[in-house]
Amino acid sequence: MNTLVIGLYTEGETDERFLLNLIPRTLERIIEERDGSLDVFPLFPIKVPKIGDRAKEIKLAAQSAEGYAILIVHSDADAETDERAFNERIKPCFDLVTNADEPLCKDLVAIIPVQMTEAWMLADISPLKEQLGSDKTREELSVMFPLKYLEKMADPKSKIHEIIRMAFKNLPARRRKVNIGSLYSPLGQQVNLDILEQLPSYLKFKENLTEALIRLNYLR
């Protein structure tokens, strides 16, 4: 049985908390769909110093991931498509790593939530309500927007803050113990993948990861 080791480099700590739980679930689904058999190590978060040069930071991450099968690199789109983020913040970095003449992980896969990680957290409202301990309706929480609108939402993080406020509205202060920082890890574990796959940015990541695993002969 092949052993698969994957590293993850993210823009921020909260992104990391969400993706460290989401990506292994995505990987498990890919393996099942391709009838594969892999021994998968836990995802390794890669930490490098912030030096103000994105390309060099990703190269440092690739050096840290030397010997890994794949390094997944995260960047929020901060726009309604991932095109600009990929061309400006991902592709130049990947080119630098690919052309480097030194030991590092050169098999890179981008993960670019549109417009940001928090949009993926909003895809499935049920686990969010569960984490908030709220039985309020979608209307009461002001989340009546269609799923396709999520990637057009400029600031989904603010929307989550609003949902938290609505969930605890009119409740005693002692009940208001949930903050957004505590939601990333559990939602990464609980968000429904079938729903998430309706978002083009997530589906693109899943397809790119699948292609990388096939190219590296981990899957057929």
# chains A, B, ... in the order shown; residues from 1 in each chain; ligands from 1
>>> residues_around(residues="A:Lys91", least_positions_apart="3", cutoff="12 Å", atoms="only C-alpha atoms", output="list in words")
Arg54, Ala55, Ile58, Val73, Ser75, Asp82, Glu83, Arg84, Ala85, Phe86, Asn87, Glu88, Phe94, Asp95, Leu96, Val97, Thr98, Leu108, Val109 and Ala110 of chain A
>>> write_last_selection(atoms="C-alpha atoms", output="CSV table (one decimal), in the first residue's frame")
chain,number,residue,atom,x,y,z
A,54,ARG,CA,5.0,35.6,-1.1
A,55,ALA,CA,7.0,33.7,-3.7
A,58,ILE,CA,6.1,29.5,-0.6
A,73,VAL,CA,-0.9,26.1,-1.0
A,75,SER,CA,-4.7,31.8,-0.9
A,82,ASP,CA,-9.9,32.8,-8.5
A,83,GLU,CA,-8.2,34.0,-11.7
A,84,ARG,CA,-6.4,37.1,-10.4
A,85,ALA,CA,-5.4,35.3,-7.1
A,86,PHE,CA,-3.9,32.4,-9.1
A,87,ASN,CA,-2.1,34.6,-11.7
A,88,GLU,CA,-0.7,37.1,-9.2
A,94,PHE,CA,4.7,27.8,-8.3
A,95,ASP,CA,7.0,28.8,-11.2
A,96,LEU,CA,9.8,29.8,-8.8
A,97,VAL,CA,9.5,26.4,-7.0
A,98,THR,CA,9.3,24.4,-10.2
A,108,LEU,CA,2.1,21.9,-5.7
A,109,VAL,CA,-1.7,22.1,-5.6
A,110,ALA,CA,-3.5,25.4,-5.1
>>> select_by_dssp(residues="stretch 84-127 of chain A", states="strand (DSSP E or B)", output="list in words")
Leu108, Val109, Ala110 and Ile111 of chain A
>>> closest_atom_pairs(of="stretch 115-164 of chain A", to="stretch 193-199 of chain A", cutoff="7 Å", atoms="only C-alpha atoms", output="tab-separated table")
residue	atom	partner	partner_atom	distance
A:Trp120	CA	A:Leu196	CA	6.8
A:Ala123	CA	A:Leu196	CA	6.1
A:Asp124	CA	A:Ile195	CA	6.7
>>> write_last_selection(atoms="N, CA and C atoms", output="PDB file, in the first residue's frame")
ATOM      1  N   TRP A 120     -16.793  29.106   2.322  1.00  0.00           N
ATOM      2  CA  TRP A 120     -16.970  27.656   2.411  1.00  0.00           C
ATOM      3  C   TRP A 120     -17.610  27.270   3.740  1.00  0.00           C
ATOM      4  N   ALA A 123     -21.371  27.493   3.512  1.00  0.00           N
ATOM      5  CA  ALA A 123     -22.068  26.669   2.519  1.00  0.00           C
ATOM      6  C   ALA A 123     -23.134  25.788   3.159  1.00  0.00           C
ATOM      7  N   ASP A 124     -22.835  25.270   4.336  1.00  0.00           N
ATOM      8  CA  ASP A 124     -23.747  24.372   5.044  1.00  0.00           C
ATOM      9  C   ASP A 124     -24.096  25.011   6.386  1.00  0.00           C
TER      10      ASP A 124
END
>>> closest_residue(among="A:Ile111, A:Asp15, A:Phe41, A:Ile164", to="A:Phe205", atoms="only C-alpha atoms")
A:Ile111
>>> atom_distance(atom1="atom CA of A:Lys136", atom2="atom CA of A:Asn170")
12.1 Å
>>> select_by_dssp(residues="stretch 23-100 of chain A", states="helix (DSSP H, G or I)", output="PyMOL selection string")
chain A and resi 23-33+54-64+83-98
>>> decode(residues="stretch 97-141 of chain A", atoms="C-alpha atoms", output="tab-separated table (two decimals), in the first residue's frame")
chain	number	residue	atom	x	y	z
A	97	VAL	CA	9.51	26.44	-6.97
A	98	THR	CA	9.27	24.38	-10.16
A	99	ASN	CA	12.40	26.00	-11.60
A	100	ALA	CA	14.44	25.79	-8.40
A	101	ASP	CA	17.57	23.66	-8.58
A	102	GLU	CA	17.51	22.37	-5.01
A	103	PRO	CA	15.71	19.76	-2.90
A	104	LEU	CA	12.09	20.77	-2.28
A	105	CYS	CA	8.54	19.61	-2.95
A	106	LYS	CA	7.70	20.55	-6.53
A	107	ASP	CA	4.26	18.96	-6.69
A	108	LEU	CA	2.06	21.87	-5.67
A	109	VAL	CA	-1.73	22.13	-5.59
A	110	ALA	CA	-3.54	25.44	-5.08
A	111	ILE	CA	-6.60	25.82	-2.88
A	112	ILE	CA	-8.30	29.16	-3.53
A	113	PRO	CA	-11.66	29.71	-1.80
A	114	VAL	CA	-13.86	32.31	-3.51
A	115	GLN	CA	-13.99	34.85	-2.13
A	116	MET	CA	-12.42	33.55	1.08
A	117	THR	CA	-12.36	30.53	3.38
A	118	GLU	CA	-15.36	31.82	5.33
A	119	ALA	CA	-17.57	31.41	2.23
A	120	TRP	CA	-16.97	27.66	2.41
A	121	MET	CA	-17.88	27.74	6.10
A	122	LEU	CA	-21.24	29.28	5.16
A	123	ALA	CA	-22.07	26.67	2.52
A	124	ASP	CA	-23.75	24.37	5.04
A	125	ILE	CA	-25.70	26.26	7.69
A	126	SER	CA	-26.71	23.20	9.77
A	127	PRO	CA	-23.32	22.60	11.46
A	128	LEU	CA	-22.92	26.34	12.00
A	129	LYS	CA	-26.25	26.42	13.84
A	130	GLU	CA	-25.17	23.35	15.82
A	131	GLN	CA	-21.92	25.01	16.89
A	132	LEU	CA	-23.85	28.10	17.94
A	133	GLY	CA	-26.41	26.00	19.80
A	134	SER	CA	-29.15	27.83	17.92
A	135	ASP	CA	-32.55	26.54	16.86
A	136	LYS	CA	-33.40	29.74	15.00
A	137	THR	CA	-34.55	29.49	11.40
A	138	ARG	CA	-32.49	30.54	8.39
A	139	GLU	CA	-34.76	33.56	8.08
A	140	GLU	CA	-34.18	34.54	11.72
A	141	LEU	CA	-30.42	34.20	11.18
